[in-house]
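**Student:** To start, I am sharing the structure in question, which I have written as structure tokens.
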Amino acid sequence: MMADEEEEVKPILQKLQELVDQLYSFRDCYFETHSVEDAGRKQQDVQKEMEKTLQQMEEVVGSVQGKAQVLMLTGKVLNVTPDYSPKAEELLSKAVKLEPKLVEAWNQLGEVYWKKGDVAAAHTCFKGALTHVSSPLFLWKTQMGRINFFGSCRNKVSLQNLSMVLRQLRTDTEDEHSQHVMDSVRQAKLAVQMDVHDGRSWYILGNSYLSLYFNTGQNPKISQQALSAYAQAEKVDRKASSNPDLHLNRATLHKYEENYGEALEGFSRAVALDPAWPEPRQREQQLLEFLDRLTSLLESKGKVKAKKLQSMLGSLRPAHLGPCSDGHYQSASGQKVTLELKPLSTLQPGVNSGAVILGKVVFSLTTEEKVPFTFGLVDSDGPCCAVMVYNIVQSWGVLIGDSVAIPEPNLRLHRIQHKGKDYSFSSVRVETPLLLVVNGKPQGSGSQAAATVASRPQCE
């Protein structure tokens, strides 16, 4: 392009960029100018603003209509809504062909493919954005053949997007998926390092930790890293608090951590911010129904008649402790622990080291998600306690009347208030069925499976 032509084009592109920035600011800062009660209108309002922006752009484009930057900016405008736009795909595809080093076009095209459901194509685009970046960028392969990316903060978006898409790529093995999740965390960390004040980078890092949490058997340390990343996103970026996806994902994490009050609050907040999105409302309702059914069954001890319950409890024997019957137990860390049989009523909140409980199953309760498998346990000395078992295969379970022993039980006391409802109960959390003894028998490795988590099929 000649120098004179470049000077002529510059103010036009600058004006177009301003219009696009105003549109995205309208979308991202919607709740700074509207109340939460207007949330149901947000998508419609953004659509109207998009149409107005396209009209304004047509008025200033002039002779530069076919240039890559104009195609990219127009495609970005069409990409402002959560829906897939074929026209945006067409324009952005032309833009990257005309100017392969146009990083934002690659990123926008990747988001279009993501919305289309073509995760592999999205992955190719985000890697293309990193490969074609015009600022200094260095690529090298590790011994495992993975690619690490370092570049200027101008391309943090590509790292954010790559982190996002890595978790969704189809894989042939669990090991390959686990590796993608680890890579996702690495790319999200790089994006954060490039700009610690970018709320989207912190949010995507939180999502990466969320996936890692479910991929590694719900490690509490990773849970805290995810929660910290979400909190940091809200701290550095006021728009993050208005992101329904953040509230849904954090609530999902709280649910699996059995922080039910925080989970319900998060689902409810996501509903308020995006009333048209059915998933948060469904999850809130499912959790409320679970708590309703659970507390009712706990109070009635599974509706087992007194005579039958007395007979069940009378059949408990020391042999039902199985490998714990000699007063010893090999913990998860491999240490040999001395155990003492304790009544349920004497348990303290937290891990009860050196204790083992033994009781009868009086009910079982499964949710649509199948996790956790929940059952009621009763011994001869007190109320019914919920036992929540994680990382199970779908075929695993216990039956009413089974004897169950739990060494070093981890007790939780729940006090939940939400939308006029109150729930109060105690539960024992069991991270894997391998920690249980059922009818005197330890559970085999075939009873254990990793949990999975679903995410919104749109760009984060």
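Each chain in the structure tokens gets a letter, A, B, ..., in the order shown, and its residues are numbered from 1; ligands are numbered from 1 in order too.
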Applying 7 Å and only C-alpha atoms, which residues near region 49-61 of chain A remain after dropping the ones on its own chain fewer than 5 positions away? List them as a list in words.
**Tutor:** Ile12, Leu16, Leu19, Leu23 and Val77 of chain A
**Student:** Residues as selected, all heavy atoms, written as an mmCIF file, in the first residue's frame, can you do that?
**Tutor:**
```cif
data_model
loop_
_atom_site.group_PDB
_atom_site.id
_atom_site.type_symbol
_atom_site.label_atom_id
_atom_site.label_comp_id
_atom_site.auth_asym_id
_atom_site.auth_seq_id
_atom_site.Cartn_x
_atom_site.Cartn_y
_atom_site.Cartn_z
ATOM 1 N N ILE A 12 -10.306 5.902 8.392
ATOM 2 C CA ILE A 12 -11.502 5.072 8.162
ATOM 3 C C ILE A 12 -11.466 3.837 9.066
ATOM 4 O O ILE A 12 -12.442 3.507 9.744
ATOM 5 C CB ILE A 12 -11.607 4.651 6.675
ATOM 6 C CG1 ILE A 12 -11.782 5.881 5.792
ATOM 7 C CG2 ILE A 12 -12.769 3.685 6.477
ATOM 8 C CD1 ILE A 12 -11.772 5.587 4.306
ATOM 9 N N LEU A 16 -13.926 2.726 12.161
ATOM 10 C CA LEU A 16 -14.566 1.403 12.210
ATOM 11 C C LEU A 16 -14.225 0.687 13.519
ATOM 12 O O LEU A 16 -15.091 0.066 14.150
ATOM 13 C CB LEU A 16 -14.118 0.553 11.018
ATOM 14 C CG LEU A 16 -14.563 1.011 9.628
ATOM 15 C CD1 LEU A 16 -13.960 0.116 8.553
ATOM 16 C CD2 LEU A 16 -16.088 1.010 9.518
ATOM 17 N N LEU A 19 -16.270 2.023 16.368
ATOM 18 C CA LEU A 19 -17.636 1.512 16.340
ATOM 19 C C LEU A 19 -17.710 0.091 16.886
ATOM 20 O O LEU A 19 -18.629 -0.249 17.646
ATOM 21 C CB LEU A 19 -18.182 1.555 14.906
ATOM 22 C CG LEU A 19 -18.459 2.937 14.323
ATOM 23 C CD1 LEU A 19 -18.751 2.849 12.823
ATOM 24 C CD2 LEU A 19 -19.619 3.614 15.048
ATOM 25 N N LEU A 23 -19.571 -1.273 20.381
ATOM 26 C CA LEU A 23 -20.525 -2.389 20.377
ATOM 27 C C LEU A 23 -20.164 -3.413 21.457
ATOM 28 O O LEU A 23 -21.032 -3.846 22.231
ATOM 29 C CB LEU A 23 -20.552 -3.055 18.997
ATOM 30 C CG LEU A 23 -21.340 -4.376 18.903
ATOM 31 C CD1 LEU A 23 -22.822 -4.133 19.185
ATOM 32 C CD2 LEU A 23 -21.146 -5.010 17.524
ATOM 33 N N VAL A 77 -18.152 -7.819 14.323
ATOM 34 C CA VAL A 77 -19.474 -7.275 14.684
ATOM 35 C C VAL A 77 -20.527 -8.382 14.623
ATOM 36 O O VAL A 77 -21.340 -8.549 15.545
ATOM 37 C CB VAL A 77 -19.856 -6.108 13.754
ATOM 38 C CG1 VAL A 77 -21.330 -5.721 13.938
ATOM 39 C CG2 VAL A 77 -18.966 -4.909 14.014
#
```
**Student:** Would you pick out the contacts of Asp183 (chain A) at 8 Å or less, using only C-alpha atoms, so that residues sharing its chain but fewer than 3 positions from it are not included, and give the list as a PyMOL selection string?
**Tutor:** chain A and resi 163+166+179-180+186-187
**Student:** Write out as a PDB file with all heavy atoms, in the first residue's frame which residues come within 12 Å of region 303-314 of chain A when counting only C-alpha atoms, dropping same-chain ones fewer than 4 positions away.
**Tutor:**
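Output contents, as saved in part-v9.pdb:
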```
ATOM      1  N   ARG A 293     -35.541 -34.126  48.840  1.00  0.00           N
ATOM      2  CA  ARG A 293     -35.677 -35.580  48.968  1.00  0.00           C
ATOM      3  C   ARG A 293     -34.738 -36.126  50.031  1.00  0.00           C
ATOM      4  O   ARG A 293     -35.115 -36.977  50.834  1.00  0.00           O
ATOM      5  CB  ARG A 293     -35.390 -36.248  47.620  1.00  0.00           C
ATOM      6  CG  ARG A 293     -36.432 -35.961  46.538  1.00  0.00           C
ATOM      7  CD  ARG A 293     -35.948 -36.384  45.165  1.00  0.00           C
ATOM      8  NE  ARG A 293     -35.690 -37.821  45.104  1.00  0.00           N
ATOM      9  CZ  ARG A 293     -34.955 -38.399  44.160  1.00  0.00           C
ATOM     10  NH1 ARG A 293     -34.371 -37.657  43.221  1.00  0.00           N
ATOM     11  NH2 ARG A 293     -34.777 -39.697  44.161  1.00  0.00           N
ATOM     12  N   LEU A 294     -33.497 -35.612  50.045  1.00  0.00           N
ATOM     13  CA  LEU A 294     -32.511 -36.116  50.991  1.00  0.00           C
ATOM     14  C   LEU A 294     -32.925 -35.842  52.434  1.00  0.00           C
ATOM     15  O   LEU A 294     -32.908 -36.752  53.279  1.00  0.00           O
ATOM     16  CB  LEU A 294     -31.146 -35.486  50.702  1.00  0.00           C
ATOM     17  CG  LEU A 294     -30.014 -35.867  51.663  1.00  0.00           C
ATOM     18  CD1 LEU A 294     -29.767 -37.373  51.647  1.00  0.00           C
ATOM     19  CD2 LEU A 294     -28.733 -35.114  51.326  1.00  0.00           C
ATOM     20  N   THR A 295     -33.298 -34.609  52.716  1.00  0.00           N
ATOM     21  CA  THR A 295     -33.647 -34.273  54.100  1.00  0.00           C
ATOM     22  C   THR A 295     -34.908 -35.019  54.547  1.00  0.00           C
ATOM     23  O   THR A 295     -35.028 -35.412  55.717  1.00  0.00           O
ATOM     24  CB  THR A 295     -33.843 -32.761  54.268  1.00  0.00           C
ATOM     25  OG1 THR A 295     -34.712 -32.258  53.241  1.00  0.00           O
ATOM     26  CG2 THR A 295     -32.508 -32.030  54.161  1.00  0.00           C
ATOM     27  N   SER A 296     -35.845 -35.227  53.623  1.00  0.00           N
ATOM     28  CA  SER A 296     -37.050 -35.987  53.957  1.00  0.00           C
ATOM     29  C   SER A 296     -36.706 -37.441  54.299  1.00  0.00           C
ATOM     30  O   SER A 296     -37.197 -37.990  55.290  1.00  0.00           O
ATOM     31  CB  SER A 296     -38.038 -35.935  52.786  1.00  0.00           C
ATOM     32  OG  SER A 296     -39.163 -36.753  53.030  1.00  0.00           O
ATOM     33  N   LEU A 297     -35.842 -38.058  53.492  1.00  0.00           N
ATOM     34  CA  LEU A 297     -35.450 -39.452  53.732  1.00  0.00           C
ATOM     35  C   LEU A 297     -34.619 -39.588  55.009  1.00  0.00           C
ATOM     36  O   LEU A 297     -34.740 -40.576  55.745  1.00  0.00           O
ATOM     37  CB  LEU A 297     -34.664 -39.982  52.529  1.00  0.00           C
ATOM     38  CG  LEU A 297     -35.491 -40.275  51.271  1.00  0.00           C
ATOM     39  CD1 LEU A 297     -34.581 -40.467  50.059  1.00  0.00           C
ATOM     40  CD2 LEU A 297     -36.368 -41.510  51.477  1.00  0.00           C
ATOM     41  N   LEU A 298     -33.761 -38.597  55.275  1.00  0.00           N
ATOM     42  CA  LEU A 298     -32.953 -38.644  56.496  1.00  0.00           C
ATOM     43  C   LEU A 298     -33.840 -38.558  57.733  1.00  0.00           C
ATOM     44  O   LEU A 298     -33.653 -39.287  58.716  1.00  0.00           O
ATOM     45  CB  LEU A 298     -31.939 -37.502  56.508  1.00  0.00           C
ATOM     46  CG  LEU A 298     -30.760 -37.624  55.540  1.00  0.00           C
ATOM     47  CD1 LEU A 298     -29.974 -36.317  55.486  1.00  0.00           C
ATOM     48  CD2 LEU A 298     -29.838 -38.775  55.939  1.00  0.00           C
ATOM     49  N   GLU A 299     -34.820 -37.670  57.669  1.00  0.00           N
ATOM     50  CA  GLU A 299     -35.711 -37.484  58.820  1.00  0.00           C
ATOM     51  C   GLU A 299     -36.537 -38.736  59.112  1.00  0.00           C
ATOM     52  O   GLU A 299     -36.771 -39.083  60.272  1.00  0.00           O
ATOM     53  CB  GLU A 299     -36.637 -36.296  58.552  1.00  0.00           C
ATOM     54  CG  GLU A 299     -37.476 -35.889  59.755  1.00  0.00           C
ATOM     55  CD  GLU A 299     -38.309 -34.653  59.481  1.00  0.00           C
ATOM     56  OE1 GLU A 299     -38.058 -33.964  58.476  1.00  0.00           O
ATOM     57  OE2 GLU A 299     -39.218 -34.389  60.292  1.00  0.00           O
ATOM     58  N   PRO A 318     -19.331 -57.604  64.119  1.00  0.00           N
ATOM     59  CA  PRO A 318     -17.947 -57.122  63.939  1.00  0.00           C
ATOM     60  C   PRO A 318     -17.327 -57.570  62.619  1.00  0.00           C
ATOM     61  O   PRO A 318     -16.492 -56.868  62.049  1.00  0.00           O
ATOM     62  CB  PRO A 318     -17.214 -57.731  65.137  1.00  0.00           C
ATOM     63  CG  PRO A 318     -18.286 -57.911  66.174  1.00  0.00           C
ATOM     64  CD  PRO A 318     -19.528 -58.266  65.411  1.00  0.00           C
ATOM     65  N   HIS A 320     -18.586 -57.465  59.843  1.00  0.00           N
ATOM     66  CA  HIS A 320     -18.940 -56.513  58.782  1.00  0.00           C
ATOM     67  C   HIS A 320     -17.908 -55.393  58.634  1.00  0.00           C
ATOM     68  O   HIS A 320     -17.964 -54.627  57.681  1.00  0.00           O
ATOM     69  CB  HIS A 320     -20.323 -55.918  59.052  1.00  0.00           C
ATOM     70  CG  HIS A 320     -21.440 -56.904  58.934  1.00  0.00           C
ATOM     71  ND1 HIS A 320     -22.600 -56.836  59.694  1.00  0.00           N
ATOM     72  CD2 HIS A 320     -21.572 -58.009  58.152  1.00  0.00           C
ATOM     73  CE1 HIS A 320     -23.400 -57.837  59.382  1.00  0.00           C
ATOM     74  NE2 HIS A 320     -22.798 -58.564  58.438  1.00  0.00           N
ATOM     75  N   LEU A 358     -19.860 -47.982  61.550  1.00  0.00           N
ATOM     76  CA  LEU A 358     -20.506 -49.152  60.950  1.00  0.00           C
ATOM     77  C   LEU A 358     -22.010 -48.994  61.103  1.00  0.00           C
ATOM     78  O   LEU A 358     -22.505 -48.694  62.194  1.00  0.00           O
ATOM     79  CB  LEU A 358     -20.054 -50.433  61.653  1.00  0.00           C
ATOM     80  CG  LEU A 358     -20.731 -51.743  61.201  1.00  0.00           C
ATOM     81  CD1 LEU A 358     -20.396 -52.049  59.740  1.00  0.00           C
ATOM     82  CD2 LEU A 358     -20.318 -52.898  62.114  1.00  0.00           C
ATOM     83  N   GLY A 359     -22.735 -49.134  60.007  1.00  0.00           N
ATOM     84  CA  GLY A 359     -24.185 -48.994  60.075  1.00  0.00           C
ATOM     85  C   GLY A 359     -24.879 -49.719  58.950  1.00  0.00           C
ATOM     86  O   GLY A 359     -24.243 -50.398  58.132  1.00  0.00           O
ATOM     87  N   LYS A 360     -26.199 -49.552  58.933  1.00  0.00           N
ATOM     88  CA  LYS A 360     -27.034 -50.179  57.917  1.00  0.00           C
ATOM     89  C   LYS A 360     -27.571 -49.137  56.939  1.00  0.00           C
ATOM     90  O   LYS A 360     -27.934 -48.019  57.318  1.00  0.00           O
ATOM     91  CB  LYS A 360     -28.212 -50.885  58.581  1.00  0.00           C
ATOM     92  CG  LYS A 360     -27.851 -52.207  59.239  1.00  0.00           C
ATOM     93  CD  LYS A 360     -27.562 -53.290  58.198  1.00  0.00           C
ATOM     94  CE  LYS A 360     -27.312 -54.643  58.848  1.00  0.00           C
ATOM     95  NZ  LYS A 360     -27.095 -55.699  57.826  1.00  0.00           N
ATOM     96  N   VAL A 361     -27.635 -49.526  55.675  1.00  0.00           N
ATOM     97  CA  VAL A 361     -28.192 -48.666  54.643  1.00  0.00           C
ATOM     98  C   VAL A 361     -29.714 -48.706  54.716  1.00  0.00           C
ATOM     99  O   VAL A 361     -30.307 -49.794  54.696  1.00  0.00           O
ATOM    100  CB  VAL A 361     -27.716 -49.111  53.240  1.00  0.00           C
ATOM    101  CG1 VAL A 361     -28.362 -48.254  52.148  1.00  0.00           C
ATOM    102  CG2 VAL A 361     -26.201 -49.048  53.134  1.00  0.00           C
ATOM    103  N   VAL A 362     -30.358 -47.513  54.819  1.00  0.00           N
ATOM    104  CA  VAL A 362     -31.820 -47.467  54.892  1.00  0.00           C
ATOM    105  C   VAL A 362     -32.449 -46.830  53.654  1.00  0.00           C
ATOM    106  O   VAL A 362     -33.661 -46.905  53.464  1.00  0.00           O
ATOM    107  CB  VAL A 362     -32.283 -46.729  56.170  1.00  0.00           C
ATOM    108  CG1 VAL A 362     -31.954 -47.553  57.407  1.00  0.00           C
ATOM    109  CG2 VAL A 362     -31.666 -45.332  56.273  1.00  0.00           C
ATOM    110  N   PHE A 363     -31.639 -46.204  52.827  1.00  0.00           N
ATOM    111  CA  PHE A 363     -32.135 -45.699  51.539  1.00  0.00           C
ATOM    112  C   PHE A 363     -30.936 -45.336  50.667  1.00  0.00           C
ATOM    113  O   PHE A 363     -29.813 -45.166  51.160  1.00  0.00           O
ATOM    114  CB  PHE A 363     -33.053 -44.473  51.715  1.00  0.00           C
ATOM    115  CG  PHE A 363     -32.344 -43.219  52.149  1.00  0.00           C
ATOM    116  CD1 PHE A 363     -31.693 -42.387  51.233  1.00  0.00           C
ATOM    117  CD2 PHE A 363     -32.328 -42.843  53.493  1.00  0.00           C
ATOM    118  CE1 PHE A 363     -31.036 -41.228  51.628  1.00  0.00           C
ATOM    119  CE2 PHE A 363     -31.688 -41.676  53.899  1.00  0.00           C
ATOM    120  CZ  PHE A 363     -31.038 -40.876  52.963  1.00  0.00           C
ATOM    121  N   SER A 364     -31.186 -45.259  49.368  1.00  0.00           N
ATOM    122  CA  SER A 364     -30.178 -44.725  48.449  1.00  0.00           C
ATOM    123  C   SER A 364     -30.852 -43.709  47.554  1.00  0.00           C
ATOM    124  O   SER A 364     -32.066 -43.761  47.320  1.00  0.00           O
ATOM    125  CB  SER A 364     -29.531 -45.832  47.608  1.00  0.00           C
ATOM    126  OG  SER A 364     -30.494 -46.454  46.779  1.00  0.00           O
ATOM    127  N   GLY A 376     -28.389 -43.360  52.982  1.00  0.00           N
ATOM    128  CA  GLY A 376     -28.572 -43.081  54.395  1.00  0.00           C
ATOM    129  C   GLY A 376     -28.014 -44.204  55.241  1.00  0.00           C
ATOM    130  O   GLY A 376     -28.256 -45.387  54.958  1.00  0.00           O
ATOM    131  N   LEU A 377     -27.249 -43.852  56.253  1.00  0.00           N
ATOM    132  CA  LEU A 377     -26.622 -44.840  57.130  1.00  0.00           C
ATOM    133  C   LEU A 377     -27.132 -44.634  58.555  1.00  0.00           C
ATOM    134  O   LEU A 377     -27.154 -43.504  59.059  1.00  0.00           O
ATOM    135  CB  LEU A 377     -25.102 -44.688  57.085  1.00  0.00           C
ATOM    136  CG  LEU A 377     -24.285 -45.840  57.673  1.00  0.00           C
ATOM    137  CD1 LEU A 377     -24.422 -47.091  56.799  1.00  0.00           C
ATOM    138  CD2 LEU A 377     -22.809 -45.460  57.804  1.00  0.00           C
ATOM    139  N   VAL A 378     -27.522 -45.732  59.198  1.00  0.00           N
ATOM    140  CA  VAL A 378     -28.043 -45.686  60.557  1.00  0.00           C
ATOM    141  C   VAL A 378     -27.306 -46.706  61.406  1.00  0.00           C
ATOM    142  O   VAL A 378     -27.021 -47.824  60.947  1.00  0.00           O
ATOM    143  CB  VAL A 378     -29.556 -46.001  60.574  1.00  0.00           C
ATOM    144  CG1 VAL A 378     -30.091 -46.052  62.005  1.00  0.00           C
ATOM    145  CG2 VAL A 378     -30.326 -44.961  59.774  1.00  0.00           C
ATOM    146  N   ASP A 379     -26.951 -46.310  62.632  1.00  0.00           N
ATOM    147  CA  ASP A 379     -26.483 -47.298  63.599  1.00  0.00           C
ATOM    148  C   ASP A 379     -27.444 -47.283  64.789  1.00  0.00           C
ATOM    149  O   ASP A 379     -28.499 -46.642  64.729  1.00  0.00           O
ATOM    150  CB  ASP A 379     -25.024 -47.048  64.012  1.00  0.00           C
ATOM    151  CG  ASP A 379     -24.811 -45.709  64.711  1.00  0.00           C
ATOM    152  OD1 ASP A 379     -25.815 -45.067  65.095  1.00  0.00           O
ATOM    153  OD2 ASP A 379     -23.645 -45.299  64.853  1.00  0.00           O
ATOM    154  N   SER A 380     -27.109 -47.945  65.853  1.00  0.00           N
ATOM    155  CA  SER A 380     -28.061 -48.104  66.958  1.00  0.00           C
ATOM    156  C   SER A 380     -28.118 -46.899  67.876  1.00  0.00           C
ATOM    157  O   SER A 380     -28.838 -46.916  68.867  1.00  0.00           O
ATOM    158  CB  SER A 380     -27.687 -49.353  67.781  1.00  0.00           C
ATOM    159  OG  SER A 380     -26.349 -49.229  68.257  1.00  0.00           O
ATOM    160  N   ASP A 381     -27.389 -45.858  67.544  1.00  0.00           N
ATOM    161  CA  ASP A 381     -27.245 -44.761  68.510  1.00  0.00           C
ATOM    162  C   ASP A 381     -27.505 -43.395  67.889  1.00  0.00           C
ATOM    163  O   ASP A 381     -26.641 -42.543  67.870  1.00  0.00           O
ATOM    164  CB  ASP A 381     -25.830 -44.801  69.118  1.00  0.00           C
ATOM    165  CG  ASP A 381     -25.685 -43.788  70.258  1.00  0.00           C
ATOM    166  OD1 ASP A 381     -26.639 -43.642  71.020  1.00  0.00           O
ATOM    167  OD2 ASP A 381     -24.626 -43.149  70.342  1.00  0.00           O
ATOM    168  N   GLY A 382     -28.691 -43.210  67.315  1.00  0.00           N
ATOM    169  CA  GLY A 382     -28.955 -41.852  66.884  1.00  0.00           C
ATOM    170  C   GLY A 382     -29.582 -41.697  65.527  1.00  0.00           C
ATOM    171  O   GLY A 382     -30.081 -42.654  64.931  1.00  0.00           O
ATOM    172  N   CYS A 384     -30.182 -40.582  61.375  1.00  0.00           N
ATOM    173  CA  CYS A 384     -29.658 -41.069  60.098  1.00  0.00           C
ATOM    174  C   CYS A 384     -28.656 -40.061  59.534  1.00  0.00           C
ATOM    175  O   CYS A 384     -28.852 -38.846  59.631  1.00  0.00           O
ATOM    176  CB  CYS A 384     -30.821 -41.259  59.138  1.00  0.00           C
ATOM    177  SG  CYS A 384     -30.401 -42.041  57.572  1.00  0.00           S
ATOM    178  N   ILE A 400     -30.526 -51.352  50.278  1.00  0.00           N
ATOM    179  CA  ILE A 400     -31.115 -51.231  51.610  1.00  0.00           C
ATOM    180  C   ILE A 400     -30.862 -52.523  52.380  1.00  0.00           C
ATOM    181  O   ILE A 400     -31.082 -53.629  51.870  1.00  0.00           O
ATOM    182  CB  ILE A 400     -32.627 -50.952  51.502  1.00  0.00           C
ATOM    183  CG1 ILE A 400     -32.852 -49.573  50.875  1.00  0.00           C
ATOM    184  CG2 ILE A 400     -33.301 -51.021  52.871  1.00  0.00           C
ATOM    185  CD1 ILE A 400     -34.301 -49.252  50.579  1.00  0.00           C
ATOM    186  N   GLY A 401     -30.356 -52.382  53.595  1.00  0.00           N
ATOM    187  CA  GLY A 401     -30.036 -53.548  54.415  1.00  0.00           C
ATOM    188  C   GLY A 401     -28.564 -53.924  54.391  1.00  0.00           C
ATOM    189  O   GLY A 401     -28.109 -54.718  55.225  1.00  0.00           O
ATOM    190  N   ASP A 402     -27.796 -53.364  53.445  1.00  0.00           N
ATOM    191  CA  ASP A 402     -26.350 -53.630  53.417  1.00  0.00           C
ATOM    192  C   ASP A 402     -25.688 -53.039  54.660  1.00  0.00           C
ATOM    193  O   ASP A 402     -26.101 -51.990  55.173  1.00  0.00           O
ATOM    194  CB  ASP A 402     -25.703 -53.014  52.170  1.00  0.00           C
ATOM    195  CG  ASP A 402     -25.911 -53.850  50.923  1.00  0.00           C
ATOM    196  OD1 ASP A 402     -26.337 -55.006  51.057  1.00  0.00           O
ATOM    197  OD2 ASP A 402     -25.645 -53.330  49.820  1.00  0.00           O
ATOM    198  N   SER A 403     -24.643 -53.711  55.112  1.00  0.00           N
ATOM    199  CA  SER A 403     -23.814 -53.180  56.204  1.00  0.00           C
ATOM    200  C   SER A 403     -22.629 -52.454  55.584  1.00  0.00           C
ATOM    201  O   SER A 403     -21.961 -53.006  54.706  1.00  0.00           O
ATOM    202  CB  SER A 403     -23.316 -54.317  57.093  1.00  0.00           C
ATOM    203  OG  SER A 403     -24.402 -55.037  57.634  1.00  0.00           O
ATOM    204  N   VAL A 404     -22.381 -51.220  56.030  1.00  0.00           N
ATOM    205  CA  VAL A 404     -21.294 -50.418  55.466  1.00  0.00           C
ATOM    206  C   VAL A 404     -20.409 -49.886  56.583  1.00  0.00           C
ATOM    207  O   VAL A 404     -20.914 -49.298  57.556  1.00  0.00           O
ATOM    208  CB  VAL A 404     -21.833 -49.238  54.630  1.00  0.00           C
ATOM    209  CG1 VAL A 404     -20.680 -48.369  54.128  1.00  0.00           C
ATOM    210  CG2 VAL A 404     -22.657 -49.735  53.453  1.00  0.00           C
TER     211      VAL A 404
END
```
**Student:** Do a neighbour search on Asn391 (chain A) at 8 Å with only C-alpha atoms, toss out local chain neighbours closer than 4 positions, and write the hits as a list in words.
**Tutor:** Gly217, Val371, Pro372, Glu431, Thr432, Pro433, Gln448, Ala449, Ala450 and Ala451 of chain A
**Student:** Looking at A:Asp45, A:Ala68, A:Leu344, A:Lys76, which one is nearest to Val20 (chain A), with distances taken over only C-alpha atoms?
**Tutor:**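 Of A:Asp45, A:Ala68, A:Leu344, A:Lys76, the one nearest Val20 (chain A), counting only C-alpha atoms, is A:Lys76.
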**Student:** List every residue of region 220-302 of chain A that DSSP, applied to the backbone of this structure, assigns to alpha helix (DSSP H), and report them as a ChimeraX atom specification.
**Tutor:** /A:220-236,244-256,260-273,278-300
**Student:** Smallest atom-to-atom distance to Gly397 (chain A): which of A:Phe373, A:Asp83, A:Asn410, A:Lys421, using only C-alpha atoms?
**Tutor:**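 For Gly397 (chain A), the nearest of the given residues is A:Phe373.
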